[in-house]
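Written out below as structure tokens is the structure these notes cover.
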Amino acid sequence: MTNKEYLLQGFIDTHIHTAPDIKPRILNDIDAALEAKKERMQAIVIKSHVESTAGRANIAEAVSGFKVIGGICLNSSVGGLNSEAVKVTARLGGKIVWFPTISAPKIHINYENTEDILNIIAENDLVLASGHLKPADIFKLLDYAKSAGIKKIVINHPLTGVVGANIDEQKEIAKYTYLEHCFVACMEKHDNLDPQLIADAITEIGPERCIMATDFGQVHNQRPVDGIKMFVNSMLKYGIKKRDINKMCIENPFKLFLE
């Protein structure tokens, strides 16, 4: 087979929701790994809103022979801003810490309740992700993260309603982070976002500070490998070059998770 037949060769999807979960998912950790392996992708990141996926990633990787990355999302089900949970996740090989998502409206971010967490992230060279924080809290968190010496930071789906960062805010945020644009935002049962808005944001910010991911795994959406293909084709349609797609889907995630 030629390289052309492997559209996703080398790709890293940094945002996939898998089973087991409290919500129905279209595939489990191992299925996600095997499907990505079949497409000759390089790695996937599996996420749960309610528990650490670090241990699950270890099992999926061992079974599939494919790189699977896990982490923890700091929602109420794991104790919220719980430094002990972050410490255990790091010891289990987790690579990413998402700040609150579904619990974001209930959890107040300040220096006192994030200092220990950010120090653990820095000491273990983990990726800090913003979750569903609004821009005001994102800027606050970035200030704390810079003080802690954190180098790897991702701002999740900035164009979605739960985050709502405008272009000027994205430009400022992108000076210190990667902006992770997720195709799920364009799905009808989600934000129903016009894909051109993502393409325009990528053009405005620059692909060197952006990541393309799916955030797929819901039973009403396509499988993640199909979702990333749809995303690629959509961005090509709106003028994003293939070399820039490779930067966002291969090079930038590699720097965060595998370098």
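As shown in the structure tokens, the chain order sets the letters A, B, ...; within each chain, residues go from 1, and ligands are also counted from 1 in the order they appear.
Close contacts of Ser83 in chain A, defined as residues with an atom at most 12 Å away when counting only C-alpha atoms, with chain neighbours fewer than 3 positions off set aside, comprise Ile72, Cys73, Leu74, Val78, Gly79, Gly80, Val86, Lys87, Val88, Thr89, Ala90, Val97, Phe99, Glu112, Asn113, Thr114, Glu115, Asp116, Ile117, Leu118, Asn119, Ile120 and Ile121 of chain A.
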Which residues come within 6 Å of range 204-214 of chain A, counting only C-alpha atoms, excluding same-chain residues fewer than 5 positions away, as a compact mmCIF listing (two decimals) with C-alpha atoms, in the first residue's frame?
# COMPACT_ATOMS: atom_id res chain seq x y z
CA ASP A 13 -5.43 12.07 18.38
CA THR A 14 -5.09 13.91 21.68
CA HIS A 15 -8.75 13.69 22.74
CA LYS A 171 -3.87 34.92 20.11
CA TYR A 178 -1.20 24.93 22.04
CA LEU A 179 -4.85 25.43 21.10
CA GLU A 180 -6.58 22.06 20.65
CA HIS A 181 -9.38 22.34 18.10
CA CYS A 182 -11.78 19.40 18.32
CA PHE A 183 -14.00 18.34 15.42
CA VAL A 184 -16.79 17.26 17.76
CA ILE A 228 -10.14 12.64 12.21
CA ASP A 244 0.08 22.32 8.23
CA MET A 248 -1.07 19.99 14.00
CA CYS A 249 -1.75 16.24 14.00
* To do: Show which residues sit within 10 Å of Leu256 in chain A, as number ranges by chain. Count only C-alpha atoms, and ignore same-chain residues fewer than 2 positions away.
  => A: 14, 95-96, 125-128, 151-154, 178, 251-254, 258-259
* To do: Could you give me, as a list in words, the residues within 8 Å of range 65-67 of chain A, counting only C-alpha atoms and dropping anything in the same chain fewer than 5 positions from it?
  => Ala33, Leu34, Lys37, Gln42, Ala43, Ile44 and Ala60 of chain A
Please build the interface table for range 30-149 of chain A against range 155-162 of chain A with a cut-off of 8 Å, listing for each qualifying residue the nearest atom pair and the distance in Å to one decimal; count only C-alpha atoms, order rows by chain and increasing number, and write it as a tab-separated table.
residue	atom	partner	partner_atom	distance
A:Ala129	CA	A:Ile155	CA	5.7
A:Ser130	CA	A:Ile155	CA	5.1
A:Gly131	CA	A:Asn156	CA	5.7
A:His132	CA	A:Val162	CA	5.9
A:Leu133	CA	A:Val162	CA	7.7
A:Lys134	CA	A:Val162	CA	7.3
Written file, previous selection with N, CA and C atoms, as a compact mmCIF listing (two decimals), in the first residue's frame:
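As a result, result07.txt now contains:
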# COMPACT_ATOMS: atom_id res chain seq x y z
N ALA A 129 -3.74 20.64 30.80
CA ALA A 129 -4.84 20.97 29.88
C ALA A 129 -5.89 21.76 30.64
N SER A 130 -6.53 22.70 29.95
CA SER A 130 -7.43 23.64 30.62
C SER A 130 -8.83 23.12 30.86
N GLY A 131 -9.20 22.00 30.22
CA GLY A 131 -10.55 21.48 30.40
C GLY A 131 -11.60 22.45 29.89
N HIS A 132 -12.60 22.72 30.73
CA HIS A 132 -13.70 23.60 30.33
C HIS A 132 -13.61 24.98 31.01
N LEU A 133 -12.42 25.37 31.41
CA LEU A 133 -12.28 26.69 32.03
C LEU A 133 -12.59 27.78 31.02
N LYS A 134 -13.18 28.86 31.51
CA LYS A 134 -13.45 30.04 30.70
C LYS A 134 -12.16 30.86 30.56
